[in-house]
$ cat entry_6.tsv   # TSV, C-alpha atoms
chain	number	residue	atom	x	y	z
A	1	MET	CA	47.32	-48.58	23.91
A	2	PRO	CA	44.49	-46.52	22.45
A	3	ILE	CA	44.91	-42.75	22.37
A	4	GLU	CA	41.88	-41.03	23.86
A	5	VAL	CA	40.90	-37.79	22.16
A	6	LEU	CA	37.98	-35.65	23.30
A	7	LEU	CA	36.48	-33.52	20.54
A	8	VAL	CA	34.27	-30.73	21.85
A	9	GLU	CA	32.28	-29.66	18.83
A	10	ASP	CA	28.64	-28.89	18.16
A	11	ASN	CA	28.73	-28.95	14.36
A	12	PRO	CA	27.82	-32.50	13.22
A	13	GLY	CA	29.55	-32.01	9.88
A	14	ASP	CA	32.84	-31.13	11.53
A	15	VAL	CA	32.47	-34.03	13.97
A	16	ARG	CA	31.98	-36.46	11.12
A	17	LEU	CA	34.90	-35.13	9.10
A	18	THR	CA	37.20	-35.24	12.12
A	19	GLN	CA	36.13	-38.83	12.85
A	20	GLU	CA	36.82	-39.86	9.27
A	21	VAL	CA	40.26	-38.29	9.17
A	22	PHE	CA	41.35	-39.91	12.45
A	23	LEU	CA	39.95	-43.27	11.36
A	24	ASP	CA	42.05	-43.02	8.26
A	25	ALA	CA	45.21	-41.50	9.77
A	26	ASN	CA	45.43	-43.25	13.10
A	27	PRO	CA	43.21	-46.20	13.96
A	28	SER	CA	44.48	-46.29	17.55
A	29	VAL	CA	42.69	-43.01	18.28
A	30	HIS	CA	39.46	-43.33	20.25
A	31	LEU	CA	37.54	-40.20	19.44
A	32	HIS	CA	34.96	-39.11	22.00
A	33	VAL	CA	32.58	-36.30	21.22
A	34	ALA	CA	30.99	-33.75	23.55
A	35	SER	CA	28.59	-31.48	21.70
A	36	ASP	CA	28.54	-28.64	24.19
A	37	GLY	CA	30.64	-27.18	27.00
A	38	VAL	CA	28.56	-28.66	29.82
A	39	GLU	CA	28.91	-32.15	28.39
A	40	ALA	CA	32.65	-31.61	27.93
A	41	MET	CA	33.09	-30.77	31.61
A	42	ALA	CA	30.89	-33.71	32.66
A	43	PHE	CA	33.07	-36.00	30.52
A	44	LEU	CA	36.30	-34.62	31.98
A	45	ARG	CA	34.98	-34.81	35.55
A	46	ARG	CA	33.34	-38.20	34.95
A	47	GLU	CA	29.96	-37.01	36.09
A	48	GLY	CA	26.52	-38.45	35.33
A	49	SER	CA	26.48	-40.76	32.33
A	50	HIS	CA	30.24	-40.16	31.90
A	51	SER	CA	31.28	-41.94	35.10
A	52	GLN	CA	33.33	-44.43	33.06
A	53	ALA	CA	34.85	-41.87	30.71
A	54	PRO	CA	38.58	-42.26	30.09
A	55	ARG	CA	40.89	-39.35	30.76
A	56	PRO	CA	41.65	-37.81	27.36
A	57	ASP	CA	45.23	-37.61	26.13
A	58	LEU	CA	44.26	-34.59	24.04
A	59	VAL	CA	41.28	-32.23	23.92
A	60	LEU	CA	40.21	-30.53	20.68
A	61	LEU	CA	38.03	-27.63	21.73
A	62	ASP	CA	35.77	-25.41	19.65
A	63	LEU	CA	35.19	-21.93	21.08
A	64	ASN	CA	31.60	-21.25	20.12
A	65	LEU	CA	29.51	-23.89	21.82
A	66	PRO	CA	26.01	-24.12	23.22
A	67	LYS	CA	25.31	-24.12	26.98
A	68	MET	CA	28.88	-23.36	28.01
A	69	ASP	CA	31.32	-21.47	25.85
A	70	GLY	CA	34.66	-23.00	24.85
A	71	ARG	CA	36.52	-20.13	26.54
A	72	GLU	CA	34.88	-21.06	29.82
A	73	VAL	CA	35.64	-24.76	29.29
A	74	LEU	CA	39.28	-23.84	28.62
A	75	ALA	CA	39.45	-21.68	31.75
A	76	LEU	CA	37.95	-24.49	33.85
A	77	ILE	CA	40.38	-27.08	32.45
A	78	LYS	CA	43.43	-24.89	33.04
A	79	LYS	CA	42.36	-23.90	36.57
A	80	ASP	CA	41.87	-27.52	37.61
A	81	GLU	CA	45.05	-29.11	38.99
A	82	SER	CA	44.09	-32.56	37.75
A	83	LEU	CA	42.96	-31.47	34.27
A	84	LYS	CA	45.41	-28.68	33.41
A	85	THR	CA	48.07	-31.07	32.14
A	86	ILE	CA	45.82	-32.34	29.34
A	87	PRO	CA	46.97	-30.62	26.14
A	88	THR	CA	44.03	-28.57	24.91
A	89	VAL	CA	44.04	-27.48	21.30
A	90	ILE	CA	41.59	-24.78	20.19
A	91	LEU	CA	40.02	-25.71	16.86
A	92	THR	CA	37.59	-23.03	15.81
A	93	THR	CA	36.19	-20.99	12.96
A	94	SER	CA	37.07	-17.79	14.78
A	95	ASP	CA	40.18	-16.04	13.56
A	96	ALA	CA	39.58	-12.97	15.70
A	97	GLU	CA	42.83	-11.73	17.26
A	98	GLY	CA	40.92	-11.23	20.52
A	99	ASP	CA	40.03	-14.93	20.64
A	100	ILE	CA	43.60	-15.97	19.84
A	101	ALA	CA	45.12	-13.70	22.50
A	102	LYS	CA	42.55	-14.72	25.09
A	103	SER	CA	43.02	-18.44	24.40
A	104	TYR	CA	46.79	-18.24	24.87
A	105	ARG	CA	46.34	-16.20	28.03
A	106	LEU	CA	44.08	-18.94	29.33
A	107	GLN	CA	46.95	-21.34	28.48
A	108	ALA	CA	45.47	-23.11	25.49
A	109	ASN	CA	48.27	-25.33	24.21
A	110	CYS	CA	47.75	-24.12	20.68
A	111	TYR	CA	45.20	-22.36	18.49
A	112	LEU	CA	44.12	-23.57	15.08
A	113	THR	CA	41.50	-22.10	12.77
A	114	LYS	CA	39.32	-24.42	10.75
A	115	PRO	CA	39.91	-23.86	7.06
A	116	VAL	CA	36.94	-23.32	4.77
A	117	GLN	CA	38.00	-25.91	2.22
A	118	LEU	CA	37.23	-29.54	2.92
A	119	THR	CA	40.64	-30.82	1.85
A	120	ALA	CA	42.39	-28.16	3.95
A	121	PHE	CA	40.28	-29.14	6.95
A	122	GLU	CA	41.24	-32.79	6.45
A	123	ALA	CA	44.91	-31.81	6.14
A	124	LEU	CA	44.69	-29.82	9.36
A	125	VAL	CA	43.18	-32.71	11.31
A	126	LYS	CA	45.88	-34.94	9.87
A	127	SER	CA	48.57	-32.51	11.01
A	128	ILE	CA	47.08	-32.51	14.52
A	129	ASN	CA	47.48	-36.26	14.47
A	130	ASP	CA	51.00	-36.08	13.05
A	131	PHE	CA	52.21	-33.46	15.48
A	132	TRP	CA	50.32	-33.98	18.73
A	133	LEU	CA	49.82	-37.72	18.62
A	134	THR	CA	53.06	-38.73	16.92
A	135	LYS	CA	55.79	-36.15	17.60
A	136	ALA	CA	54.78	-34.53	20.90
A	137	LYS	CA	55.32	-36.30	24.20
A	138	LEU	CA	52.06	-36.29	26.11
A	139	PRO	CA	51.86	-36.67	29.87
A	140	GLN	CA	51.20	-40.24	30.86
A	141	THR	CA	47.63	-40.83	31.87
A	142	GLN	CA	47.45	-42.08	35.43
B	143	MET	CA	57.67	-9.28	9.55
B	144	PRO	CA	59.82	-12.39	9.96
B	145	LEU	CA	58.81	-14.73	12.72
B	146	GLN	CA	61.08	-14.53	15.75
B	147	VAL	CA	62.07	-17.75	17.44
B	148	LEU	CA	64.05	-17.81	20.67
B	149	VAL	CA	66.08	-20.98	21.14
B	150	VAL	CA	67.23	-21.52	24.73
B	151	GLU	CA	69.92	-24.12	24.41
B	152	ASP	CA	73.42	-24.61	25.79
B	153	SER	CA	74.67	-27.28	23.44
B	154	ARG	CA	76.61	-25.70	20.60
B	155	GLY	CA	76.00	-28.73	18.43
B	156	ASP	CA	72.24	-28.57	18.90
B	157	ILE	CA	72.22	-24.81	18.27
B	158	ARG	CA	74.04	-25.34	15.04
B	159	LEU	CA	71.75	-28.17	13.96
B	160	THR	CA	68.67	-26.11	14.80
B	161	ARG	CA	70.00	-23.15	12.81
B	162	GLU	CA	70.80	-25.30	9.82
B	163	ALA	CA	67.47	-27.10	9.94
B	164	PHE	CA	65.51	-23.81	10.09
B	165	ARG	CA	67.62	-22.38	7.29
B	166	ASP	CA	66.63	-25.37	5.16
B	167	VAL	CA	62.95	-25.47	5.96
B	168	ASN	CA	62.10	-21.80	6.47
B	169	PRO	CA	64.67	-19.10	5.73
B	170	PHE	CA	62.25	-16.40	6.92
B	171	ILE	CA	62.64	-17.38	10.53
B	172	HIS	CA	64.74	-15.05	12.63
B	173	LEU	CA	66.47	-17.24	15.19
B	174	GLU	CA	67.85	-15.84	18.44
B	175	VAL	CA	69.81	-17.94	20.90
B	176	ALA	CA	70.10	-17.74	24.69
B	177	HIS	CA	72.70	-20.11	26.10
B	178	ASP	CA	71.40	-20.37	29.63
B	179	GLY	CA	68.28	-19.62	31.64
B	180	VAL	CA	69.50	-16.30	33.00
B	181	GLU	CA	70.23	-15.04	29.50
B	182	ALA	CA	66.82	-16.27	28.33
B	183	MET	CA	65.03	-14.25	31.01
B	184	ALA	CA	67.20	-11.17	30.33
B	185	PHE	CA	66.29	-11.48	26.65
B	186	LEU	CA	62.58	-11.84	27.36
B	187	ARG	CA	62.61	-8.96	29.85
B	188	ARG	CA	64.90	-6.82	27.66
B	189	GLN	CA	67.47	-6.33	30.33
B	190	GLY	CA	71.15	-5.46	30.01
B	191	ALA	CA	72.53	-6.19	26.57
B	192	HIS	CA	69.06	-7.32	25.43
B	193	LEU	CA	67.43	-3.91	25.66
B	194	HIS	CA	66.33	-4.05	22.05
B	195	ALA	CA	65.48	-7.72	21.91
B	196	ALA	CA	62.47	-8.60	19.80
B	197	ARG	CA	59.59	-10.34	21.48
B	198	PRO	CA	59.66	-13.94	20.25
B	199	ASP	CA	56.70	-15.52	18.48
B	200	LEU	CA	57.79	-18.92	19.73
B	201	ILE	CA	60.24	-20.18	22.35
B	202	LEU	CA	62.08	-23.48	22.08
B	203	LEU	CA	63.28	-24.27	25.58
B	204	ASP	CA	65.73	-26.91	26.71
B	205	LEU	CA	65.26	-28.16	30.28
B	206	ASN	CA	68.79	-28.77	31.41
B	207	LEU	CA	70.57	-25.45	31.27
B	208	PRO	CA	73.38	-23.75	33.15
B	209	LYS	CA	72.76	-20.93	35.65
B	210	MET	CA	68.98	-21.24	35.59
B	211	ASP	CA	67.16	-24.42	34.82
B	212	GLY	CA	64.63	-24.62	31.95
B	213	ARG	CA	61.90	-25.63	34.40
B	214	GLN	CA	62.45	-22.39	36.28
B	215	VAL	CA	62.51	-20.38	33.06
B	216	LEU	CA	59.22	-22.01	32.07
B	217	ALA	CA	57.67	-21.22	35.45
B	218	LEU	CA	58.80	-17.57	35.21
B	219	ILE	CA	57.41	-17.21	31.67
B	220	LYS	CA	54.05	-18.70	32.60
B	221	GLU	CA	53.76	-16.62	35.80
B	222	ASP	CA	54.37	-13.38	33.94
B	223	ASP	CA	51.24	-11.80	32.46
B	224	SER	CA	53.16	-10.18	29.64
B	225	LEU	CA	55.10	-13.33	28.68
B	226	LYS	CA	52.70	-16.20	29.42
B	227	ASN	CA	51.00	-16.05	26.03
B	228	ILE	CA	54.21	-16.73	24.11
B	229	PRO	CA	53.97	-20.37	23.01
B	230	THR	CA	56.77	-22.22	24.76
B	231	VAL	CA	57.78	-25.60	23.41
B	232	ILE	CA	60.04	-27.80	25.50
B	233	LEU	CA	62.77	-29.34	23.35
B	234	THR	CA	64.97	-31.51	25.46
B	235	SER	CA	66.89	-34.75	25.51
B	236	SER	CA	65.02	-35.79	28.65
B	237	GLU	CA	62.37	-38.44	28.15
B	238	ALA	CA	61.65	-38.77	31.86
B	239	GLU	CA	57.92	-38.96	32.53
B	240	ALA	CA	58.39	-36.67	35.52
B	241	ASP	CA	59.84	-33.96	33.26
B	242	VAL	CA	56.99	-34.35	30.78
B	243	LEU	CA	54.36	-34.11	33.51
B	244	LYS	CA	56.04	-31.24	35.33
B	245	SER	CA	56.38	-29.27	32.09
B	246	TYR	CA	52.67	-29.62	31.30
B	247	GLN	CA	51.85	-28.72	34.91
B	248	LEU	CA	53.84	-25.54	34.43
B	249	GLN	CA	51.78	-24.96	31.25
B	250	ALA	CA	54.40	-25.68	28.62
B	251	ASN	CA	52.55	-25.51	25.32
B	252	CYS	CA	54.09	-28.73	24.15
B	253	TYR	CA	56.89	-31.18	24.97
B	254	LEU	CA	59.23	-32.67	22.41
B	255	SER	CA	62.20	-34.89	23.04
B	256	LYS	CA	65.27	-34.47	20.88
B	257	PRO	CA	66.04	-37.48	18.76
B	258	MET	CA	69.59	-38.81	18.79
B	259	HIS	CA	70.11	-38.96	15.05
B	260	PHE	CA	70.77	-36.02	12.82
B	261	GLU	CA	68.06	-36.85	10.28
B	262	ALA	CA	65.44	-37.32	12.95
B	263	PHE	CA	66.44	-34.05	14.64
B	264	HIS	CA	66.20	-32.26	11.31
B	265	GLY	CA	62.78	-33.87	10.78
B	266	LEU	CA	61.61	-32.67	14.19
B	267	VAL	CA	62.68	-29.08	13.48
B	268	LYS	CA	60.82	-29.34	10.19
B	269	SER	CA	57.70	-30.50	11.96
B	270	ILE	CA	58.01	-27.64	14.50
B	271	ASN	CA	58.12	-25.29	11.53
B	272	ASP	CA	55.31	-27.01	9.65
B	273	PHE	CA	53.02	-27.12	12.67
B	274	TRP	CA	53.85	-24.22	14.99
B	275	LEU	CA	55.03	-21.69	12.44
B	276	THR	CA	52.71	-22.64	9.58
B	277	LYS	CA	49.49	-24.21	10.84
B	278	VAL	CA	49.13	-22.74	14.31
B	279	ARG	CA	47.73	-19.26	14.81
B	280	LEU	CA	50.14	-17.45	17.08
B	281	PRO	CA	49.08	-14.47	19.17
B	282	GLU	CA	49.63	-11.15	17.47
B	283	ASN	CA	53.07	-9.84	18.19
B	284	ASP	CA	53.68	-6.14	17.84
B	285	LYS	CA	57.39	-6.69	18.63
B	286	GLY	CA	57.36	-3.35	20.47
B	287	ASP	CA	55.52	-5.06	23.28
B	288	GLU	CA	54.17	-2.06	25.13
B	289	ALA	CA	50.90	-3.88	25.30
B	290	GLU	CA	49.77	-6.65	23.03
B	291	PRO	CA	46.65	-5.56	21.24
B	292	GLY	CA	43.78	-7.14	23.06
B	293	ALA	CA	46.01	-8.86	25.55
B	294	GLN	CA	45.18	-6.70	28.51
B	295	SER	CA	41.85	-5.36	27.40
B	296	GLY	CA	39.69	-8.04	28.88
B	297	HIS	CA	37.14	-7.36	26.17
B	298	GLU	CA	35.90	-10.14	24.02
B	299	GLN	CA	35.21	-8.77	20.64
B	300	GLY	CA	35.76	-12.11	19.02
B	301	PRO	CA	32.93	-14.30	20.22
B	302	LYS	CA	29.99	-12.49	18.69
B	303	LYS	CA	31.64	-12.15	15.36
B	304	SER	CA	32.59	-15.77	15.12
B	305	ARG	CA	29.33	-17.03	16.51
B	306	GLY	CA	27.64	-15.19	13.67
B	307	THR	CA	30.00	-16.83	11.24
B	308	LYS	CA	29.21	-20.24	12.60
B	309	SER	CA	25.42	-19.89	12.53
B	310	GLY	CA	25.78	-18.98	8.89
B	311	GLY	CA	26.99	-22.52	8.31
B	312	THR	CA	30.27	-21.53	6.74
B	313	ARG	CA	33.74	-21.77	8.08
B	314	GLY	CA	35.64	-18.66	9.05
B	315	ASN	CA	38.12	-17.57	6.48
B	316	ASP	CA	41.78	-17.12	6.98
B	317	GLU	CA	42.19	-13.83	5.23
B	318	ASN	CA	43.33	-12.23	8.45
B	319	ASP	CA	46.57	-14.12	8.45
B	320	GLY	CA	48.72	-11.04	8.65
B	321	GLY	CA	51.90	-12.86	7.69
B	322	ARG	CA	51.63	-15.21	10.59
B	323	ARG	CA	51.94	-18.14	8.23
B	324	ASN	CA	54.93	-18.30	6.07
B	325	ALA	CA	54.33	-18.64	2.39
B	326	HIS	CA	56.28	-21.71	1.59
$ encode --input "entry_6.tsv" --output "structure tokens"
Amino acid sequence: MPIEVLLVEDNPGDVRLTQEVFLDANPSVHLHVASDGVEAMAFLRREGSHSQAPRPDLVLLDLNLPKMDGREVLALIKKDESLKTIPTVILTTSDAEGDIAKSYRLQANCYLTKPVQLTAFEALVKSINDFWLTKAKLPQTQ
Amino acid sequence: MPLQVLVVEDSRGDIRLTREAFRDVNPFIHLEVAHDGVEAMAFLRRQGAHLHAARPDLILLDLNLPKMDGRQVLALIKEDDSLKNIPTVILTSSEAEADVLKSYQLQANCYLSKPMHFEAFHGLVKSINDFWLTKVRLPENDKGDEAEPGAQSGHEQGPKKSRGTKSGGTRGNDENDGGRRNAH
């Protein structure tokens, strides 16, 4: 069974790095990318060109995104009865306490800051795989 | 400030294993134990004997508990504006899909099932420490808990700052760690 991961990220460099780490660490991960908040919601709601999109097992969500902010995407996911059970991990450059507090209040499942160093970023993505996709029990996708 | 972890667990054996595993992997953790759901809520609300209880940075919550069930404890935590932002990890022997789904519906931050074997249990506690108490950024915890800084303000100071950081093409730095990650 493939594991479906939706990465919501507008920075092409971070997208590429994340893809490479997952490819290396866990070949059963299918990584889907939405490059802004509007596309993320269309993917999750299977709208427009995303009508065949799989339901993600995990969402990795950047906060600062074009068109629709990651905070708004998070609020929409966690307000929606059918989407709220999808574990949503914030993965962002912001280490502002205000962003951390707000994300947990909106019921982000966890908050991670992207490290500056390449190797540290790779290690973090690997630890997301090790923890969320190996140790944690995820809700079964209907 | 040591990180405070509240373990809500009725099995003496599991409490002991959890203590020993944390002692091995991260001696800076301050572990508190509530043996049933009622005690857990009294601890979190600082009632009765728990008047001076520290606000936990992380809660490890079993589902099957005496007096008040872990599902109910989880629901109460996530309904309460002053408690809902405490990351709450379900740590239970139940592998039932219904329990997994229900926990995520109630906004558990994560669901882990307890392995049967000692080594695997120890390994799981280590990975809780390595991920939740090392990698993850936890909300700021002033322990006094009158009001978490920023928690009730409704202001978003963060976005502009970090958006600026991003457009500069560099990653945000982690200098603002404030002891949230253990040095280990």
$ residues_around --input "entry_6.tsv" --residues "A:Met68" --least-positions-apart "3" --cutoff "10 Å" --atoms "all atoms listed in the file" --output "VMD selection string"
chain A and resid 36 to 41 63 to 65 71 to 73
$ closest_residue --input "entry_6.tsv" --among "B:His264, B:Lys244, B:Arg187, B:His259" --to "chain A" --atoms "all atoms listed in the file"
B:Lys244
$ residues_around --input "entry_6.tsv" --residues "stretch 198-211 of chain B" --least-positions-apart "3" --cutoff "10 Å" --atoms "only C-alpha atoms" --output "PyMOL selection string"
chain B and resi 144-153+172-183+185-186+195+214-216+225+227-236+241+245+250-256+270+274-275+280-285+322
$ write_last_selection --input "entry_6.tsv" --atoms "C-alpha atoms" --output "PDB file, in the coordinates of the input"
ATOM      1  CA  PRO B 144      59.820 -12.390   9.960  1.00  0.00           C
ATOM      2  CA  LEU B 145      58.810 -14.730  12.720  1.00  0.00           C
ATOM      3  CA  GLN B 146      61.080 -14.530  15.750  1.00  0.00           C
ATOM      4  CA  VAL B 147      62.070 -17.750  17.440  1.00  0.00           C
ATOM      5  CA  LEU B 148      64.050 -17.810  20.670  1.00  0.00           C
ATOM      6  CA  VAL B 149      66.080 -20.980  21.140  1.00  0.00           C
ATOM      7  CA  VAL B 150      67.230 -21.520  24.730  1.00  0.00           C
ATOM      8  CA  GLU B 151      69.920 -24.120  24.410  1.00  0.00           C
ATOM      9  CA  ASP B 152      73.420 -24.610  25.790  1.00  0.00           C
ATOM     10  CA  SER B 153      74.670 -27.280  23.440  1.00  0.00           C
ATOM     11  CA  HIS B 172      64.740 -15.050  12.630  1.00  0.00           C
ATOM     12  CA  LEU B 173      66.470 -17.240  15.190  1.00  0.00           C
ATOM     13  CA  GLU B 174      67.850 -15.840  18.440  1.00  0.00           C
ATOM     14  CA  VAL B 175      69.810 -17.940  20.900  1.00  0.00           C
ATOM     15  CA  ALA B 176      70.100 -17.740  24.690  1.00  0.00           C
ATOM     16  CA  HIS B 177      72.700 -20.110  26.100  1.00  0.00           C
ATOM     17  CA  ASP B 178      71.400 -20.370  29.630  1.00  0.00           C
ATOM     18  CA  GLY B 179      68.280 -19.620  31.640  1.00  0.00           C
ATOM     19  CA  VAL B 180      69.500 -16.300  33.000  1.00  0.00           C
ATOM     20  CA  GLU B 181      70.230 -15.040  29.500  1.00  0.00           C
ATOM     21  CA  ALA B 182      66.820 -16.270  28.330  1.00  0.00           C
ATOM     22  CA  MET B 183      65.030 -14.250  31.010  1.00  0.00           C
ATOM     23  CA  PHE B 185      66.290 -11.480  26.650  1.00  0.00           C
ATOM     24  CA  LEU B 186      62.580 -11.840  27.360  1.00  0.00           C
ATOM     25  CA  ALA B 195      65.480  -7.720  21.910  1.00  0.00           C
ATOM     26  CA  GLN B 214      62.450 -22.390  36.280  1.00  0.00           C
ATOM     27  CA  VAL B 215      62.510 -20.380  33.060  1.00  0.00           C
ATOM     28  CA  LEU B 216      59.220 -22.010  32.070  1.00  0.00           C
ATOM     29  CA  LEU B 225      55.100 -13.330  28.680  1.00  0.00           C
ATOM     30  CA  ASN B 227      51.000 -16.050  26.030  1.00  0.00           C
ATOM     31  CA  ILE B 228      54.210 -16.730  24.110  1.00  0.00           C
ATOM     32  CA  PRO B 229      53.970 -20.370  23.010  1.00  0.00           C
ATOM     33  CA  THR B 230      56.770 -22.220  24.760  1.00  0.00           C
ATOM     34  CA  VAL B 231      57.780 -25.600  23.410  1.00  0.00           C
ATOM     35  CA  ILE B 232      60.040 -27.800  25.500  1.00  0.00           C
ATOM     36  CA  LEU B 233      62.770 -29.340  23.350  1.00  0.00           C
ATOM     37  CA  THR B 234      64.970 -31.510  25.460  1.00  0.00           C
ATOM     38  CA  SER B 235      66.890 -34.750  25.510  1.00  0.00           C
ATOM     39  CA  SER B 236      65.020 -35.790  28.650  1.00  0.00           C
ATOM     40  CA  ASP B 241      59.840 -33.960  33.260  1.00  0.00           C
ATOM     41  CA  SER B 245      56.380 -29.270  32.090  1.00  0.00           C
ATOM     42  CA  ALA B 250      54.400 -25.680  28.620  1.00  0.00           C
ATOM     43  CA  ASN B 251      52.550 -25.510  25.320  1.00  0.00           C
ATOM     44  CA  CYS B 252      54.090 -28.730  24.150  1.00  0.00           C
ATOM     45  CA  TYR B 253      56.890 -31.180  24.970  1.00  0.00           C
ATOM     46  CA  LEU B 254      59.230 -32.670  22.410  1.00  0.00           C
ATOM     47  CA  SER B 255      62.200 -34.890  23.040  1.00  0.00           C
ATOM     48  CA  LYS B 256      65.270 -34.470  20.880  1.00  0.00           C
ATOM     49  CA  ILE B 270      58.010 -27.640  14.500  1.00  0.00           C
ATOM     50  CA  TRP B 274      53.850 -24.220  14.990  1.00  0.00           C
ATOM     51  CA  LEU B 275      55.030 -21.690  12.440  1.00  0.00           C
ATOM     52  CA  LEU B 280      50.140 -17.450  17.080  1.00  0.00           C
ATOM     53  CA  PRO B 281      49.080 -14.470  19.170  1.00  0.00           C
ATOM     54  CA  GLU B 282      49.630 -11.150  17.470  1.00  0.00           C
ATOM     55  CA  ASN B 283      53.070  -9.840  18.190  1.00  0.00           C
ATOM     56  CA  ASP B 284      53.680  -6.140  17.840  1.00  0.00           C
ATOM     57  CA  LYS B 285      57.390  -6.690  18.630  1.00  0.00           C
ATOM     58  CA  ARG B 322      51.630 -15.210  10.590  1.00  0.00           C
TER      59      ARG B 322
END
$ interface_residues --input "entry_6.tsv" --of "chain A" --to "chain B" --cutoff "9 Å" --atoms "all atoms listed in the file" --output "number ranges by chain"
A: 11, 63-65, 78, 81, 84-87, 92-117, 124, 127-128, 130-132, 135-140
$ atom_distance --input "entry_6.tsv" --atom1 "atom CA of A:Asp62" --atom2 "atom CA of A:Ile90"
5.9 Å
$ atom_distance --input "entry_6.tsv" --atom1 "atom CA of A:Glu47" --atom2 "atom CA of A:His30"
19.5 Å
$ build_atoms --input "entry_6.tsv" --residues "stretch 184-198 of chain B" --atoms "N, CA and C atoms" --output "PDB file, in the coordinates of the input"
ATOM      1  N   ALA B 184      66.750 -12.535  30.654  1.00  0.00           N
ATOM      2  CA  ALA B 184      67.200 -11.170  30.330  1.00  0.00           C
ATOM      3  C   ALA B 184      66.715 -10.786  28.935  1.00  0.00           C
ATOM      4  N   PHE B 185      66.767 -11.733  28.013  1.00  0.00           N
ATOM      5  CA  PHE B 185      66.290 -11.480  26.650  1.00  0.00           C
ATOM      6  C   PHE B 185      64.800 -11.169  26.669  1.00  0.00           C
ATOM      7  N   LEU B 186      64.041 -12.008  27.360  1.00  0.00           N
ATOM      8  CA  LEU B 186      62.580 -11.840  27.360  1.00  0.00           C
ATOM      9  C   LEU B 186      62.159 -10.556  28.080  1.00  0.00           C
ATOM     10  N   ARG B 187      62.938 -10.178  29.092  1.00  0.00           N
ATOM     11  CA  ARG B 187      62.610  -8.960  29.850  1.00  0.00           C
ATOM     12  C   ARG B 187      63.340  -7.725  29.326  1.00  0.00           C
ATOM     13  N   ARG B 188      64.136  -7.912  28.283  1.00  0.00           N
ATOM     14  CA  ARG B 188      64.900  -6.820  27.660  1.00  0.00           C
ATOM     15  C   ARG B 188      65.786  -6.104  28.678  1.00  0.00           C
ATOM     16  N   GLN B 189      66.565  -6.903  29.342  1.00  0.00           N
ATOM     17  CA  GLN B 189      67.470  -6.330  30.330  1.00  0.00           C
ATOM     18  C   GLN B 189      68.897  -6.371  29.809  1.00  0.00           C
ATOM     19  N   GLY B 190      69.722  -5.464  30.338  1.00  0.00           N
ATOM     20  CA  GLY B 190      71.150  -5.460  30.010  1.00  0.00           C
ATOM     21  C   GLY B 190      71.376  -5.327  28.518  1.00  0.00           C
ATOM     22  N   ALA B 191      72.178  -6.252  27.980  1.00  0.00           N
ATOM     23  CA  ALA B 191      72.530  -6.190  26.570  1.00  0.00           C
ATOM     24  C   ALA B 191      71.342  -6.479  25.658  1.00  0.00           C
ATOM     25  N   HIS B 192      70.220  -6.922  26.245  1.00  0.00           N
ATOM     26  CA  HIS B 192      69.060  -7.320  25.430  1.00  0.00           C
ATOM     27  C   HIS B 192      67.978  -6.254  25.388  1.00  0.00           C
ATOM     28  N   LEU B 193      68.378  -5.031  25.599  1.00  0.00           N
ATOM     29  CA  LEU B 193      67.430  -3.910  25.660  1.00  0.00           C
ATOM     30  C   LEU B 193      66.541  -3.833  24.434  1.00  0.00           C
ATOM     31  N   HIS B 194      67.104  -4.177  23.289  1.00  0.00           N
ATOM     32  CA  HIS B 194      66.330  -4.050  22.050  1.00  0.00           C
ATOM     33  C   HIS B 194      65.889  -5.399  21.496  1.00  0.00           C
ATOM     34  N   ALA B 195      65.873  -6.387  22.364  1.00  0.00           N
ATOM     35  CA  ALA B 195      65.480  -7.720  21.910  1.00  0.00           C
ATOM     36  C   ALA B 195      64.053  -7.725  21.404  1.00  0.00           C
ATOM     37  N   ALA B 196      63.825  -8.466  20.337  1.00  0.00           N
ATOM     38  CA  ALA B 196      62.470  -8.600  19.800  1.00  0.00           C
ATOM     39  C   ALA B 196      61.700  -9.612  20.635  1.00  0.00           C
ATOM     40  N   ARG B 197      60.415  -9.362  20.783  1.00  0.00           N
ATOM     41  CA  ARG B 197      59.590 -10.340  21.480  1.00  0.00           C
ATOM     42  C   ARG B 197      59.436 -11.568  20.588  1.00  0.00           C
ATOM     43  N   PRO B 198      59.755 -12.755  21.121  1.00  0.00           N
ATOM     44  CA  PRO B 198      59.660 -13.940  20.250  1.00  0.00           C
ATOM     45  C   PRO B 198      58.209 -14.341  19.976  1.00  0.00           C
TER      46      PRO B 198
END
